[in-house]
Amino acid sequence: MRLPLPRVLAVPVLAAAALAAAAGCADVEGLHDEGDLGTVRAPQTLWKDIHPDPPPAGQDPGTAAVVPGLDKVPGAGMRDANALEVLRADLTSSARQDGGTGRLVDPRAVQRLTLCDRSADGGPDCPVRPAVLRDVTGNGKEELITALDLDGRLSELRVYTVRDDGVITRILSRRAVLEGVEVAAEHLAVREPTSNPEEVAVSDYVWDPDAGIMNLSQLTLDACHADGSGSCDPGTG
């Protein structure tokens, strides 16, 4: 009959295993040494004593703003508003308010709008993108999503809603290189290129009822595959 090993004999075995684990990692070929993993250093803060001034009153693009000079809209959402007139009123007012500093709107925006005529779509030379109507606030009414292309790359993205009193309000303002804009449920995602051609930055905005704006809720990187044209198809990421 075989007798069980004394418990004291198991201790060196466990100690040896612990030492081996500390010296390397186990894989299908056994243990190996990871080598020098370097020294972990705390991040260094640059220019920690220099801070930007707060934006002047009324010049923060992250706040809701009533669009001046527009008639009130019945409570059926932005479908009953003239999208081009809303954008023109907003950009003109913003340019006047920021005094050409570019904080609220690119200084070229108002000049670009002169390319649009008074037709519903602004005419063939109008740099305003077709209006999109989606409920992004969850109130059952449609918001207006549109953008003015400043050049072949940069755009001014805007989202507008109608308050209960019929006043049109801007709830999102974003200057960006619009690689893509996606709407799902009550989320609006803006895809922008990064310095890495295989990745895009995705800014996810959701409705904040307390602030009355579309607030940035998440910023992520998404993998993509360039098709050779310099674009990044969100369907292939």
# chains A, B, ... in the order shown; residues from 1 in each chain; ligands from 1
$ select_by_dssp --residues "range 52-139 of chain A" --states "strand (DSSP E)" --output "list in words"
Ala65, Val66, Val132, Leu133 and Arg134 of chain A
$ write_last_selection --atoms "N, CA, C and O atoms" --output "PDB file, in the first residue's frame"
ATOM      1  N   ALA A  65     -28.383  77.791 -27.990  1.00  0.00           N
ATOM      2  CA  ALA A  65     -28.563  79.188 -28.343  1.00  0.00           C
ATOM      3  C   ALA A  65     -29.817  79.349 -29.191  1.00  0.00           C
ATOM      4  O   ALA A  65     -30.019  78.604 -30.163  1.00  0.00           O
ATOM      5  N   VAL A  66     -30.648  80.303 -28.819  1.00  0.00           N
ATOM      6  CA  VAL A  66     -31.811  80.633 -29.636  1.00  0.00           C
ATOM      7  C   VAL A  66     -31.323  81.266 -30.934  1.00  0.00           C
ATOM      8  O   VAL A  66     -30.447  82.137 -30.930  1.00  0.00           O
ATOM      9  N   VAL A 132     -31.337  66.855 -42.919  1.00  0.00           N
ATOM     10  CA  VAL A 132     -31.766  65.545 -42.431  1.00  0.00           C
ATOM     11  C   VAL A 132     -32.631  65.763 -41.194  1.00  0.00           C
ATOM     12  O   VAL A 132     -32.256  66.528 -40.299  1.00  0.00           O
ATOM     13  N   LEU A 133     -33.771  65.106 -41.142  1.00  0.00           N
ATOM     14  CA  LEU A 133     -34.695  65.240 -40.020  1.00  0.00           C
ATOM     15  C   LEU A 133     -34.710  63.949 -39.221  1.00  0.00           C
ATOM     16  O   LEU A 133     -35.060  62.892 -39.745  1.00  0.00           O
ATOM     17  N   ARG A 134     -34.315  64.021 -37.953  1.00  0.00           N
ATOM     18  CA  ARG A 134     -34.310  62.869 -37.063  1.00  0.00           C
ATOM     19  C   ARG A 134     -34.636  63.330 -35.645  1.00  0.00           C
ATOM     20  O   ARG A 134     -34.261  64.435 -35.248  1.00  0.00           O
TER      21      ARG A 134
END
$ residues_around --residues "Gln111 in chain A" --least-positions-apart "4" --cutoff "12 Å" --atoms "only C-alpha atoms" --output "PyMOL selection string"
chain A and resi 88+91-92+95+105-107+115-116+126-127+148-151
$ write_last_selection --atoms "C-alpha atoms" --output "mmCIF file, in the first residue's frame"
data_model
loop_
_atom_site.group_PDB
_atom_site.id
_atom_site.type_symbol
_atom_site.label_atom_id
_atom_site.label_comp_id
_atom_site.auth_asym_id
_atom_site.auth_seq_id
_atom_site.Cartn_x
_atom_site.Cartn_y
_atom_site.Cartn_z
ATOM 1 C CA ARG A 88 -28.231 81.371 -42.552
ATOM 2 C CA LEU A 91 -24.288 81.533 -38.878
ATOM 3 C CA THR A 92 -24.822 85.231 -39.542
ATOM 4 C CA ALA A 95 -20.274 85.584 -36.933
ATOM 5 C CA VAL A 105 -18.213 79.924 -36.587
ATOM 6 C CA ASP A 106 -15.496 79.941 -39.225
ATOM 7 C CA PRO A 107 -15.118 83.472 -40.644
ATOM 8 C CA LEU A 115 -23.339 81.005 -53.059
ATOM 9 C CA CYS A 116 -26.839 79.803 -52.128
ATOM 10 C CA CYS A 126 -24.832 76.018 -52.481
ATOM 11 C CA PRO A 127 -22.311 74.442 -50.064
ATOM 12 C CA LEU A 148 -22.042 73.940 -44.330
ATOM 13 C CA ASP A 149 -18.942 72.817 -46.233
ATOM 14 C CA LEU A 150 -16.278 75.509 -45.865
ATOM 15 C CA ASP A 151 -13.869 73.975 -48.361
#
$ closest_residue --among "A:Asp125, A:Asp135, A:Glu142, A:Glu192" --to "Gly75 in chain A" --atoms "only C-alpha atoms"
A:Glu142
$ closest_residue --among "A:Val202, A:Ala176, A:Val67, A:Val73" --to "Asp164 in chain A" --atoms "only C-alpha atoms"
A:Val73
$ residues_around --residues "Asn215 in chain A" --least-positions-apart "4" --cutoff "10 Å" --atoms "only C-alpha atoms" --output "PyMOL selection string"
chain A and resi 62-63+171-172+187-188+203-209+211
$ write_last_selection --atoms "N, CA and C atoms" --output "compact mmCIF listing (two decimals), in the first residue's frame"
# COMPACT_ATOMS: atom_id res chain seq x y z
N GLY A 62 -20.41 75.14 -26.99
CA GLY A 62 -21.00 73.98 -26.35
C GLY A 62 -22.28 74.27 -25.59
N THR A 63 -22.89 75.41 -25.85
CA THR A 63 -24.13 75.76 -25.18
C THR A 63 -25.26 75.93 -26.19
N ILE A 171 -28.74 73.17 -30.81
CA ILE A 171 -28.38 72.29 -29.70
C ILE A 171 -27.04 71.58 -29.93
N LEU A 172 -26.44 71.77 -31.09
CA LEU A 172 -25.10 71.23 -31.34
C LEU A 172 -24.42 72.07 -32.40
N HIS A 187 -28.63 59.05 -30.48
CA HIS A 187 -27.20 59.29 -30.52
C HIS A 187 -26.83 59.88 -31.88
N LEU A 188 -25.88 60.80 -31.87
CA LEU A 188 -25.32 61.32 -33.11
C LEU A 188 -23.81 61.16 -33.00
N SER A 203 -16.81 60.79 -32.08
CA SER A 203 -17.40 61.58 -30.99
C SER A 203 -18.89 61.27 -30.94
N ASP A 204 -19.34 60.74 -29.81
CA ASP A 204 -20.73 60.32 -29.65
C ASP A 204 -21.47 61.37 -28.81
N TYR A 205 -22.50 61.98 -29.40
CA TYR A 205 -23.28 63.00 -28.72
C TYR A 205 -24.67 62.45 -28.37
N VAL A 206 -25.14 62.78 -27.17
CA VAL A 206 -26.47 62.38 -26.74
C VAL A 206 -27.18 63.60 -26.15
N TRP A 207 -28.47 63.57 -26.17
CA TRP A 207 -29.28 64.67 -25.68
C TRP A 207 -29.19 64.76 -24.16
N ASP A 208 -28.90 65.96 -23.68
CA ASP A 208 -28.84 66.24 -22.24
C ASP A 208 -30.01 67.17 -21.91
N PRO A 209 -31.10 66.64 -21.36
CA PRO A 209 -32.28 67.48 -21.12
C PRO A 209 -32.04 68.59 -20.10
N ALA A 211 -29.13 70.30 -19.63
CA ALA A 211 -28.37 71.37 -20.28
C ALA A 211 -29.07 71.90 -21.52
$ decode --residues "range 78-99 of chain A" --atoms "N, CA, C and O atoms" --output "PDB file, in the first residue's frame"
ATOM      1  N   MET A  78     -38.913  70.373 -36.626  1.00  0.00           N
ATOM      2  CA  MET A  78     -38.205  71.194 -37.593  1.00  0.00           C
ATOM      3  C   MET A  78     -38.641  70.962 -39.038  1.00  0.00           C
ATOM      4  O   MET A  78     -38.187  71.659 -39.943  1.00  0.00           O
ATOM      5  N   ARG A  79     -39.518  70.026 -39.274  1.00  0.00           N
ATOM      6  CA  ARG A  79     -40.004  69.771 -40.639  1.00  0.00           C
ATOM      7  C   ARG A  79     -40.690  71.008 -41.219  1.00  0.00           C
ATOM      8  O   ARG A  79     -40.700  71.217 -42.441  1.00  0.00           O
ATOM      9  N   ASP A  80     -41.295  71.820 -40.352  1.00  0.00           N
ATOM     10  CA  ASP A  80     -42.025  72.996 -40.825  1.00  0.00           C
ATOM     11  C   ASP A  80     -41.139  74.228 -40.981  1.00  0.00           C
ATOM     12  O   ASP A  80     -41.633  75.315 -41.297  1.00  0.00           O
ATOM     13  N   ALA A  81     -39.841  74.093 -40.743  1.00  0.00           N
ATOM     14  CA  ALA A  81     -38.921  75.228 -40.859  1.00  0.00           C
ATOM     15  C   ALA A  81     -38.145  75.147 -42.170  1.00  0.00           C
ATOM     16  O   ALA A  81     -37.938  74.064 -42.728  1.00  0.00           O
ATOM     17  N   ASN A  82     -37.693  76.295 -42.651  1.00  0.00           N
ATOM     18  CA  ASN A  82     -36.840  76.360 -43.834  1.00  0.00           C
ATOM     19  C   ASN A  82     -35.404  76.137 -43.379  1.00  0.00           C
ATOM     20  O   ASN A  82     -34.804  77.009 -42.721  1.00  0.00           O
ATOM     21  N   ALA A  83     -34.843  75.000 -43.713  1.00  0.00           N
ATOM     22  CA  ALA A  83     -33.527  74.612 -43.196  1.00  0.00           C
ATOM     23  C   ALA A  83     -32.449  75.619 -43.574  1.00  0.00           C
ATOM     24  O   ALA A  83     -31.589  75.976 -42.758  1.00  0.00           O
ATOM     25  N   LEU A  84     -32.468  76.091 -44.805  1.00  0.00           N
ATOM     26  CA  LEU A  84     -31.433  77.013 -45.265  1.00  0.00           C
ATOM     27  C   LEU A  84     -31.534  78.352 -44.543  1.00  0.00           C
ATOM     28  O   LEU A  84     -30.522  78.952 -44.169  1.00  0.00           O
ATOM     29  N   GLU A  85     -32.766  78.817 -44.314  1.00  0.00           N
ATOM     30  CA  GLU A  85     -32.941  80.082 -43.607  1.00  0.00           C
ATOM     31  C   GLU A  85     -32.520  79.966 -42.150  1.00  0.00           C
ATOM     32  O   GLU A  85     -31.963  80.914 -41.567  1.00  0.00           O
ATOM     33  N   VAL A  86     -32.764  78.817 -41.546  1.00  0.00           N
ATOM     34  CA  VAL A  86     -32.338  78.594 -40.163  1.00  0.00           C
ATOM     35  C   VAL A  86     -30.811  78.658 -40.072  1.00  0.00           C
ATOM     36  O   VAL A  86     -30.245  79.339 -39.199  1.00  0.00           O
ATOM     37  N   LEU A  87     -30.138  77.962 -40.965  1.00  0.00           N
ATOM     38  CA  LEU A  87     -28.678  77.948 -40.957  1.00  0.00           C
ATOM     39  C   LEU A  87     -28.117  79.333 -41.247  1.00  0.00           C
ATOM     40  O   LEU A  87     -27.163  79.783 -40.594  1.00  0.00           O
ATOM     41  N   ARG A  88     -28.717  80.035 -42.207  1.00  0.00           N
ATOM     42  CA  ARG A  88     -28.231  81.371 -42.552  1.00  0.00           C
ATOM     43  C   ARG A  88     -28.376  82.322 -41.363  1.00  0.00           C
ATOM     44  O   ARG A  88     -27.441  83.072 -41.040  1.00  0.00           O
ATOM     45  N   ALA A  89     -29.517  82.279 -40.685  1.00  0.00           N
ATOM     46  CA  ALA A  89     -29.743  83.151 -39.528  1.00  0.00           C
ATOM     47  C   ALA A  89     -28.770  82.831 -38.403  1.00  0.00           C
ATOM     48  O   ALA A  89     -28.239  83.727 -37.738  1.00  0.00           O
ATOM     49  N   ASP A  90     -28.511  81.544 -38.174  1.00  0.00           N
ATOM     50  CA  ASP A  90     -27.628  81.132 -37.089  1.00  0.00           C
ATOM     51  C   ASP A  90     -26.179  81.537 -37.371  1.00  0.00           C
ATOM     52  O   ASP A  90     -25.498  82.120 -36.514  1.00  0.00           O
ATOM     53  N   LEU A  91     -25.681  81.238 -38.562  1.00  0.00           N
ATOM     54  CA  LEU A  91     -24.288  81.533 -38.878  1.00  0.00           C
ATOM     55  C   LEU A  91     -24.026  83.035 -38.939  1.00  0.00           C
ATOM     56  O   LEU A  91     -22.974  83.511 -38.499  1.00  0.00           O
ATOM     57  N   THR A  92     -24.983  83.783 -39.477  1.00  0.00           N
ATOM     58  CA  THR A  92     -24.822  85.231 -39.542  1.00  0.00           C
ATOM     59  C   THR A  92     -24.775  85.829 -38.143  1.00  0.00           C
ATOM     60  O   THR A  92     -23.933  86.682 -37.836  1.00  0.00           O
ATOM     61  N   SER A  93     -25.670  85.358 -37.272  1.00  0.00           N
ATOM     62  CA  SER A  93     -25.692  85.842 -35.896  1.00  0.00           C
ATOM     63  C   SER A  93     -24.417  85.453 -35.147  1.00  0.00           C
ATOM     64  O   SER A  93     -23.849  86.259 -34.401  1.00  0.00           O
ATOM     65  N   SER A  94     -23.948  84.225 -35.364  1.00  0.00           N
ATOM     66  CA  SER A  94     -22.744  83.763 -34.674  1.00  0.00           C
ATOM     67  C   SER A  94     -21.515  84.548 -35.119  1.00  0.00           C
ATOM     68  O   SER A  94     -20.658  84.902 -34.299  1.00  0.00           O
ATOM     69  N   ALA A  95     -21.413  84.823 -36.421  1.00  0.00           N
ATOM     70  CA  ALA A  95     -20.274  85.584 -36.933  1.00  0.00           C
ATOM     71  C   ALA A  95     -20.273  86.996 -36.352  1.00  0.00           C
ATOM     72  O   ALA A  95     -19.218  87.551 -36.016  1.00  0.00           O
ATOM     73  N   ARG A  96     -21.454  87.584 -36.228  1.00  0.00           N
ATOM     74  CA  ARG A  96     -21.552  88.923 -35.640  1.00  0.00           C
ATOM     75  C   ARG A  96     -21.184  88.895 -34.159  1.00  0.00           C
ATOM     76  O   ARG A  96     -20.522  89.799 -33.645  1.00  0.00           O
ATOM     77  N   GLN A  97     -21.587  87.836 -33.492  1.00  0.00           N
ATOM     78  CA  GLN A  97     -21.359  87.744 -32.048  1.00  0.00           C
ATOM     79  C   GLN A  97     -19.894  87.526 -31.699  1.00  0.00           C
ATOM     80  O   GLN A  97     -19.385  88.105 -30.736  1.00  0.00           O
ATOM     81  N   ASP A  98     -19.205  86.678 -32.463  1.00  0.00           N
ATOM     82  CA  ASP A  98     -17.805  86.414 -32.098  1.00  0.00           C
ATOM     83  C   ASP A  98     -16.823  87.381 -32.752  1.00  0.00           C
ATOM     84  O   ASP A  98     -15.608  87.287 -32.540  1.00  0.00           O
ATOM     85  N   GLY A  99     -17.339  88.309 -33.543  1.00  0.00           N
ATOM     86  CA  GLY A  99     -16.488  89.358 -34.098  1.00  0.00           C
ATOM     87  C   GLY A  99     -15.392  88.866 -35.012  1.00  0.00           C
ATOM     88  O   GLY A  99     -14.327  89.484 -35.116  1.00  0.00           O
TER      89      GLY A  99
END
